[in-house]
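As stored in start.txt (compact mmCIF, C-alpha atoms):
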# COMPACT_ATOMS: atom_id res chain seq x y z
CA MET A 1 0.00 0.00 0.00
CA THR A 2 1.32 3.44 -0.94
CA LYS A 3 2.41 5.54 2.05
CA ILE A 4 2.71 9.32 2.08
CA TYR A 5 5.40 11.00 4.19
CA ASP A 6 4.83 14.67 4.95
CA ILE A 7 8.36 16.11 5.02
CA SER A 8 7.30 19.72 5.61
CA GLN A 9 7.76 21.81 8.72
CA THR A 10 4.57 23.09 10.33
CA ILE A 11 4.48 26.84 9.72
CA ARG A 12 3.44 28.35 13.05
CA PRO A 13 4.21 31.19 15.46
CA GLY A 14 7.66 30.54 16.91
CA ILE A 15 8.96 28.49 13.98
CA PRO A 16 12.75 29.04 13.87
CA VAL A 17 13.84 31.41 11.10
CA TRP A 18 17.19 32.55 9.77
CA PRO A 19 18.72 34.96 12.32
CA GLY A 20 17.41 38.46 11.59
CA ASP A 21 14.72 37.28 9.16
CA ARG A 22 11.03 38.05 9.63
CA GLU A 23 9.25 35.81 12.09
CA PHE A 24 6.00 34.15 11.10
CA GLN A 25 2.79 35.85 12.22
CA LEU A 26 -0.83 34.99 11.50
CA THR A 27 -3.54 37.54 12.31
CA ARG A 28 -7.27 36.99 12.08
CA THR A 29 -8.79 39.86 10.08
CA TRP A 30 -12.38 38.58 9.89
CA GLU A 31 -14.04 36.34 12.46
CA ILE A 32 -17.28 34.41 12.31
CA GLU A 33 -20.01 36.52 13.95
CA HIS A 34 -17.48 38.58 15.86
CA GLY A 35 -15.64 40.31 13.03
CA GLU A 36 -14.92 44.00 13.43
CA ILE A 37 -15.26 44.59 9.69
CA GLU A 38 -18.84 43.39 9.46
CA PRO A 39 -21.04 42.17 12.31
CA GLY A 40 -22.34 38.69 11.74
CA CYS A 41 -19.51 37.80 9.35
CA PRO A 42 -19.99 34.18 8.20
CA VAL A 43 -16.30 33.35 7.64
CA ASN A 44 -12.86 33.42 9.21
CA VAL A 45 -10.14 35.15 7.16
CA SER A 46 -6.52 35.68 8.17
CA GLU A 47 -3.46 37.48 6.91
CA ILE A 48 0.07 36.16 7.23
CA SER A 49 3.45 37.84 7.51
CA MET A 50 6.49 35.67 6.85
CA SER A 51 9.78 35.30 5.02
CA THR A 52 9.79 33.58 1.64
CA HIS A 53 12.28 31.15 3.23
CA THR A 54 10.15 30.12 6.19
CA GLY A 55 10.09 26.42 7.00
CA SER A 56 10.44 23.92 4.16
CA HIS A 57 11.04 26.00 1.06
CA ALA A 58 12.34 26.19 -2.50
CA ASP A 59 15.01 28.72 -3.39
CA ALA A 60 14.41 30.60 -6.63
CA ARG A 61 17.48 31.71 -8.59
CA LEU A 62 16.57 35.29 -7.66
CA HIS A 63 17.56 34.44 -4.08
CA PHE A 64 21.27 34.58 -4.89
CA ASP A 65 21.35 36.13 -8.36
CA ASP A 66 19.72 39.48 -9.17
CA LYS A 67 19.27 38.28 -12.76
CA GLY A 68 17.80 34.93 -11.73
CA VAL A 69 14.18 33.89 -12.21
CA ASP A 70 11.59 34.40 -9.48
CA SER A 71 9.32 31.76 -7.99
CA ALA A 72 6.53 32.47 -10.46
CA ASN A 73 8.81 31.66 -13.39
CA THR A 74 10.64 28.71 -11.85
CA ALA A 75 10.29 25.54 -13.92
CA LEU A 76 8.36 22.87 -12.00
CA GLU A 77 9.64 19.62 -13.50
CA ALA A 78 12.43 19.15 -10.96
CA TYR A 79 10.01 19.30 -8.01
CA ILE A 80 7.99 16.23 -9.05
CA GLY A 81 9.39 12.76 -9.69
CA PRO A 82 11.64 9.96 -8.45
CA ALA A 83 13.81 10.78 -5.44
CA VAL A 84 16.40 9.04 -3.28
CA VAL A 85 16.65 9.65 0.48
CA MET A 86 20.06 9.24 2.14
CA ASP A 87 20.78 9.49 5.86
CA LEU A 88 24.21 11.07 6.41
CA SER A 89 23.54 12.28 9.94
CA ASP A 90 26.11 9.89 11.44
CA GLU A 91 28.80 10.73 8.89
CA VAL A 92 28.72 14.47 8.22
CA THR A 93 29.49 17.12 10.81
CA ASP A 94 30.48 20.06 8.61
CA LEU A 95 30.29 19.62 4.83
CA VAL A 96 28.89 16.89 2.60
CA ARG A 97 31.69 15.78 0.27
CA PRO A 98 31.65 13.47 -2.78
CA GLU A 99 32.85 10.47 -0.76
CA HIS A 100 29.73 10.71 1.43
CA LEU A 101 27.59 10.19 -1.68
CA ALA A 102 29.39 7.17 -3.08
CA ALA A 103 26.48 4.83 -2.28
CA LEU A 104 24.10 6.70 -4.58
CA PRO A 105 22.97 4.90 -7.73
CA ASP A 106 24.68 5.91 -10.98
CA SER A 107 21.58 7.91 -11.90
CA ALA A 108 19.80 9.94 -9.21
CA GLU A 109 17.46 12.69 -10.45
CA ARG A 110 16.47 14.00 -7.03
CA VAL A 111 18.54 13.52 -3.89
CA LEU A 112 17.28 14.31 -0.38
CA LEU A 113 19.88 14.26 2.40
CA LYS A 114 19.19 13.86 6.10
CA LEU A 115 21.93 15.74 7.96
CA PHE A 116 20.30 16.41 11.34
CA LYS A 117 20.13 13.45 13.72
CA SER A 118 16.87 14.97 14.92
CA PHE A 119 15.25 18.00 13.34
CA PRO A 120 15.46 21.07 15.66
CA HIS A 121 11.81 22.16 15.55
CA GLU A 122 12.08 24.36 18.62
CA GLY A 123 15.40 26.10 18.04
CA TRP A 124 18.04 27.26 15.57
CA ASP A 125 21.32 25.38 15.13
CA PRO A 126 23.89 27.82 13.66
CA ALA A 127 26.41 25.01 13.13
CA PHE A 128 24.22 23.01 10.77
CA PRO A 129 26.05 20.84 8.17
CA ALA A 130 26.05 22.06 4.58
CA MET A 131 27.12 21.06 1.05
CA SER A 132 30.53 21.38 -0.56
CA PRO A 133 30.59 22.58 -4.18
CA ASP A 134 32.39 19.34 -5.10
CA ALA A 135 29.43 17.34 -3.76
CA ILE A 136 27.07 19.40 -5.90
CA ARG A 137 29.19 18.70 -8.97
CA PHE A 138 29.28 15.00 -8.05
CA LEU A 139 25.46 14.97 -8.03
CA ALA A 140 25.27 16.89 -11.30
CA ASP A 141 27.48 14.26 -12.95
CA ARG A 142 24.84 11.68 -11.99
CA GLY A 143 22.06 13.62 -13.64
CA CYS A 144 20.68 15.14 -10.45
CA LYS A 145 17.94 17.72 -11.08
CA LEU A 146 17.21 18.64 -7.45
CA ILE A 147 19.07 18.61 -4.15
CA GLY A 148 17.02 18.69 -0.94
CA LEU A 149 18.28 19.01 2.64
CA ASP A 150 16.78 19.05 6.11
CA VAL A 151 19.09 21.94 7.11
CA PRO A 152 18.30 25.64 6.46
CA SER A 153 20.80 26.22 3.65
CA LEU A 154 23.11 24.51 1.17
CA ASP A 155 25.89 26.79 2.44
CA PRO A 156 27.13 27.31 6.00
CA GLN A 157 25.41 30.06 7.95
CA GLU A 158 28.38 32.44 7.82
CA SER A 159 29.12 31.96 4.10
CA LYS A 160 29.18 35.15 2.04
CA THR A 161 30.20 33.53 -1.26
CA LEU A 162 27.42 30.89 -1.40
CA ASP A 163 29.65 28.48 -3.29
CA ALA A 164 27.21 25.56 -3.10
CA HIS A 165 24.31 27.70 -4.33
CA PHE A 166 26.33 28.86 -7.33
CA ALA A 167 27.47 25.29 -8.05
CA VAL A 168 23.79 24.34 -8.14
CA ASP A 169 23.08 27.26 -10.44
CA ALA A 170 25.87 26.22 -12.83
CA ALA A 171 24.43 22.69 -12.93
CA GLY A 172 20.85 23.87 -13.48
CA MET A 173 19.61 22.06 -10.37
CA ALA A 174 16.69 22.99 -8.09
CA ILE A 175 16.99 23.51 -4.33
CA LEU A 176 14.81 22.46 -1.39
CA GLU A 177 15.84 23.40 2.14
CA GLY A 178 14.40 22.88 5.61
CA LEU A 179 12.82 19.48 4.94
CA VAL A 180 11.94 17.12 7.80
CA LEU A 181 13.29 13.63 7.15
CA ASP A 182 13.34 12.18 10.68
CA ASP A 183 10.73 9.48 10.03
CA VAL A 184 11.63 8.64 6.43
CA PRO A 185 13.63 5.43 5.85
CA GLU A 186 16.42 5.57 3.30
CA GLY A 187 15.36 4.50 -0.16
CA ALA A 188 13.48 5.46 -3.31
CA TYR A 189 10.31 7.58 -3.38
CA GLU A 190 8.26 9.95 -5.48
CA LEU A 191 8.75 13.59 -4.48
CA ILE A 192 6.11 16.30 -4.82
CA ALA A 193 7.13 19.75 -3.52
CA LEU A 194 5.90 22.65 -5.65
CA PRO A 195 6.86 26.28 -5.00
CA LEU A 196 4.04 28.82 -5.05
CA LYS A 197 3.61 31.00 -8.14
CA ILE A 198 4.58 34.31 -6.52
CA ALA A 199 5.75 37.07 -8.86
CA GLY A 200 8.97 38.69 -7.72
CA ALA A 201 9.59 36.18 -4.91
CA ASP A 202 13.11 34.89 -4.28
CA GLY A 203 11.80 31.72 -2.67
CA SER A 204 8.62 29.99 -1.61
CA PRO A 205 7.39 27.73 1.17
CA VAL A 206 6.40 24.28 -0.10
CA ARG A 207 4.19 21.46 1.15
CA ALA A 208 6.67 18.69 0.46
CA ILE A 209 5.66 15.04 0.46
CA LEU A 210 7.25 11.72 -0.42
CA ARG A 211 5.15 8.88 -1.73
CA SER A 212 6.39 5.32 -1.34
CA LEU A 213 6.74 3.34 -4.56
CA SER A 214 5.06 0.15 -3.27
Would you kindly transcribe this structure into structure tokens?
Amino acid sequence: MTKIYDISQTIRPGIPVWPGDREFQLTRTWEIEHGEIEPGCPVNVSEISMSTHTGSHADARLHFDDKGVDSANTALEAYIGPAVVMDLSDEVTDLVRPEHLAALPDSAERVLLKLFKSFPHEGWDPAFPAMSPDAIRFLADRGCKLIGLDVPSLDPQESKTLDAHFAVDAAGMAILEGLVLDDVPEGAYELIALPLKIAGADGSPVRAILRSLS
């Protein structure tokens, strides 16, 4: 029987965000029967304030390249299709390198890496592991279309050069960050994680799922 794994963070007040980024806030603007806009209002309506990189999200090229495409114009093919999940949480403490990926099949279109031993839902870990540019190139040589991680960024928190992001850009790969892979066994799945069609946005939250293949 097919099983669905929800690998998205729950977007909520208090969700950890990149240091200095906007915190998530949800405000009720209309309330059933008690709304200030119209007495007897029959619906609840809310507004949200959040970063485009809140929770599980897809980076658009515009995030790190002023000439890159925005979320609305990001091609969707990479975000749907076969994916491989690898657990490297016992092996990697700083950067994922090509030797950590040696067990991947010769062809891997979408690769999701578990780097946290346990996802830090309640706090921010500034020393999260990240990707080396050589690892990105290793994946590209195997036909990888998308790299997904459970950490907040492909590059270390203090990076100013974003070498892994630009290696992804050179390879034409897509990026997912902030996934939750704690309960997902290693293996092959179908990934579905579409960015929202937001004009001018440099990234977008996604509802990411994995569907088992049997």
Open item on the list: Using only C-alpha atoms for the distances, tell me which of A:Pro13, A:Pro19, A:Gly81, A:Gly40 is nearest to A:Glu190.
Closed with: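 Smallest distance to A:Glu190 is found for A:Gly81.
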Open item on the list: Which residues are close to A:Ile48, i.e. within 8 Å by all atoms listed in the file, leaving aside same-chain residues fewer than 3 positions away? Reply as a list of chain:residue names.
Closed with: A:Phe24, A:Gln25, A:Leu26, A:Thr27
Could you put an axis-aligned box around every listed atom of stretch 72-76 of chain A, padded by 5 Å on each side, and send me its centre and edge lengths in Å to one decimal, as AutoDock Vina command-line options?
--center_x 8.6 --center_y 27.7 --center_z -12.2 --size_x 14.1 --size_y 19.6 --size_z 13.5
Using all atoms listed in the file, which protein or nucleic acid residues come within 10 Å of A:Gly143? Drop anything in the same chain fewer than 3 positions from it, and give the result as a PDB file with C-alpha atoms, in the coordinates of the input.
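Resulting contents of out_15.pdb:
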ATOM      1  CA  ASP A 106      24.680   5.910 -10.980  1.00  0.00           C
ATOM      2  CA  SER A 107      21.580   7.910 -11.900  1.00  0.00           C
ATOM      3  CA  ALA A 108      19.800   9.940  -9.210  1.00  0.00           C
ATOM      4  CA  GLU A 109      17.460  12.690 -10.450  1.00  0.00           C
ATOM      5  CA  ARG A 110      16.470  14.000  -7.030  1.00  0.00           C
ATOM      6  CA  ARG A 137      29.190  18.700  -8.970  1.00  0.00           C
ATOM      7  CA  PHE A 138      29.280  15.000  -8.050  1.00  0.00           C
ATOM      8  CA  LEU A 139      25.460  14.970  -8.030  1.00  0.00           C
ATOM      9  CA  ALA A 140      25.270  16.890 -11.300  1.00  0.00           C
ATOM     10  CA  LEU A 146      17.210  18.640  -7.450  1.00  0.00           C
ATOM     11  CA  ALA A 171      24.430  22.690 -12.930  1.00  0.00           C
ATOM     12  CA  MET A 173      19.610  22.060 -10.370  1.00  0.00           C
TER      13      MET A 173
END
TODO: Name all residues at most 6 Å from stretch 127-131 of chain A (count all atoms listed in the file; drop same-chain ones fewer than 2 positions away) and give them as a ChimeraX atom specification.
DONE: /A:93-96,125,154-156
File dump, residues just selected, C-alpha atoms, as an mmCIF file, in the coordinates of the input:
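Output file result.cif is given in full below:
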data_model
loop_
_atom_site.group_PDB
_atom_site.id
_atom_site.type_symbol
_atom_site.label_atom_id
_atom_site.label_comp_id
_atom_site.auth_asym_id
_atom_site.auth_seq_id
_atom_site.Cartn_x
_atom_site.Cartn_y
_atom_site.Cartn_z
ATOM 1 C CA THR A 93 29.490 17.120 10.810
ATOM 2 C CA ASP A 94 30.480 20.060 8.610
ATOM 3 C CA LEU A 95 30.290 19.620 4.830
ATOM 4 C CA VAL A 96 28.890 16.890 2.600
ATOM 5 C CA ASP A 125 21.320 25.380 15.130
ATOM 6 C CA LEU A 154 23.110 24.510 1.170
ATOM 7 C CA ASP A 155 25.890 26.790 2.440
ATOM 8 C CA PRO A 156 27.130 27.310 6.000
#
Open item on the list: Counting all atoms listed in the file, find residues at most 12 Å from (24.0, 30.0, -9.4) (file frame) and give them as number ranges by chain.
Closed with: A: 59-69, 133, 136, 154, 161-175
TODO: State, in Å with one decimal place, the distance from atom CA of A:Arg207 to atom CA of A:Leu88.
DONE: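 Atom CA of A:Arg207 sits 23.2 Å away from atom CA of A:Leu88.
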Task: Separation of atom CA of A:Val206 from atom CA of A:Pro152, in Å and rounded to one decimal - done: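 Atom CA of A:Val206 sits 13.7 Å away from atom CA of A:Pro152.
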- [ ] Please identify all polymer residues lying at most 12 Å from the point (6.8, 32.8, 16.3) (file coordinates), using all atoms listed in the file, and present the result as a list in words.
- [x] Thr10, Ile11, Arg12, Pro13, Gly14, Ile15, Pro16, Val17, Asp21, Arg22, Glu23, Phe24, Gln25, Leu26, Ile48, Ser49, Met50, Ser51, Thr54, Gly55, His121, Glu122 and Gly123 of chain A
TODO: Could you jot down the atom CA of A:Tyr5 to atom CA of A:Val111 separation for me, Å, one decimal place?
DONE: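 Separation between atom CA of A:Tyr5 and atom CA of A:Val111: 15.6 Å.
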Give me the residues of stretch 52-163 of chain A that have any atom at most 9 Å from an atom of stretch 179-187 of chain A; for each, the nearest atom pair and the distance in Å, rounded to one decimal. Use only C-alpha atoms, sort by chain and number, and format it as CSV.
residue,atom,partner,partner_atom,distance
A:Gly55,CA,A:Leu179,CA,7.7
A:Ser56,CA,A:Leu179,CA,5.1
A:His57,CA,A:Leu179,CA,7.8
A:Ala83,CA,A:Gly187,CA,8.3
A:Val84,CA,A:Gly187,CA,5.6
A:Val85,CA,A:Glu186,CA,5.0
A:Met86,CA,A:Glu186,CA,5.3
A:Asp87,CA,A:Glu186,CA,6.4
A:Leu112,CA,A:Leu181,CA,8.5
A:Leu113,CA,A:Leu181,CA,8.1
A:Lys114,CA,A:Leu181,CA,6.0
A:Leu115,CA,A:Leu181,CA,8.9
A:Phe116,CA,A:Asp182,CA,8.2
A:Lys117,CA,A:Asp182,CA,7.5
A:Ser118,CA,A:Asp182,CA,6.2
A:Phe119,CA,A:Val180,CA,6.5
A:Gly148,CA,A:Leu179,CA,7.3
A:Leu149,CA,A:Leu179,CA,5.9
A:Asp150,CA,A:Leu179,CA,4.2
A:Val151,CA,A:Leu179,CA,7.1
A:Pro152,CA,A:Leu179,CA,8.4
Open item on the list: Residues within 8 Å of A:Arg97, please, as a PyMOL selection string. Count all atoms listed in the file; anything in the same chain fewer than 5 positions from it doesn't count.
Closed with: chain A and resi 131-132+134-135
Written file, previous selection with C-alpha atoms, as a PDB file, keeping the file's coordinate frame:
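As a result, selection.pdb now contains:
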ATOM      1  CA  MET A 131      27.120  21.060   1.050  1.00  0.00           C
ATOM      2  CA  SER A 132      30.530  21.380  -0.560  1.00  0.00           C
ATOM      3  CA  ASP A 134      32.390  19.340  -5.100  1.00  0.00           C
ATOM      4  CA  ALA A 135      29.430  17.340  -3.760  1.00  0.00           C
TER       5      ALA A 135
END
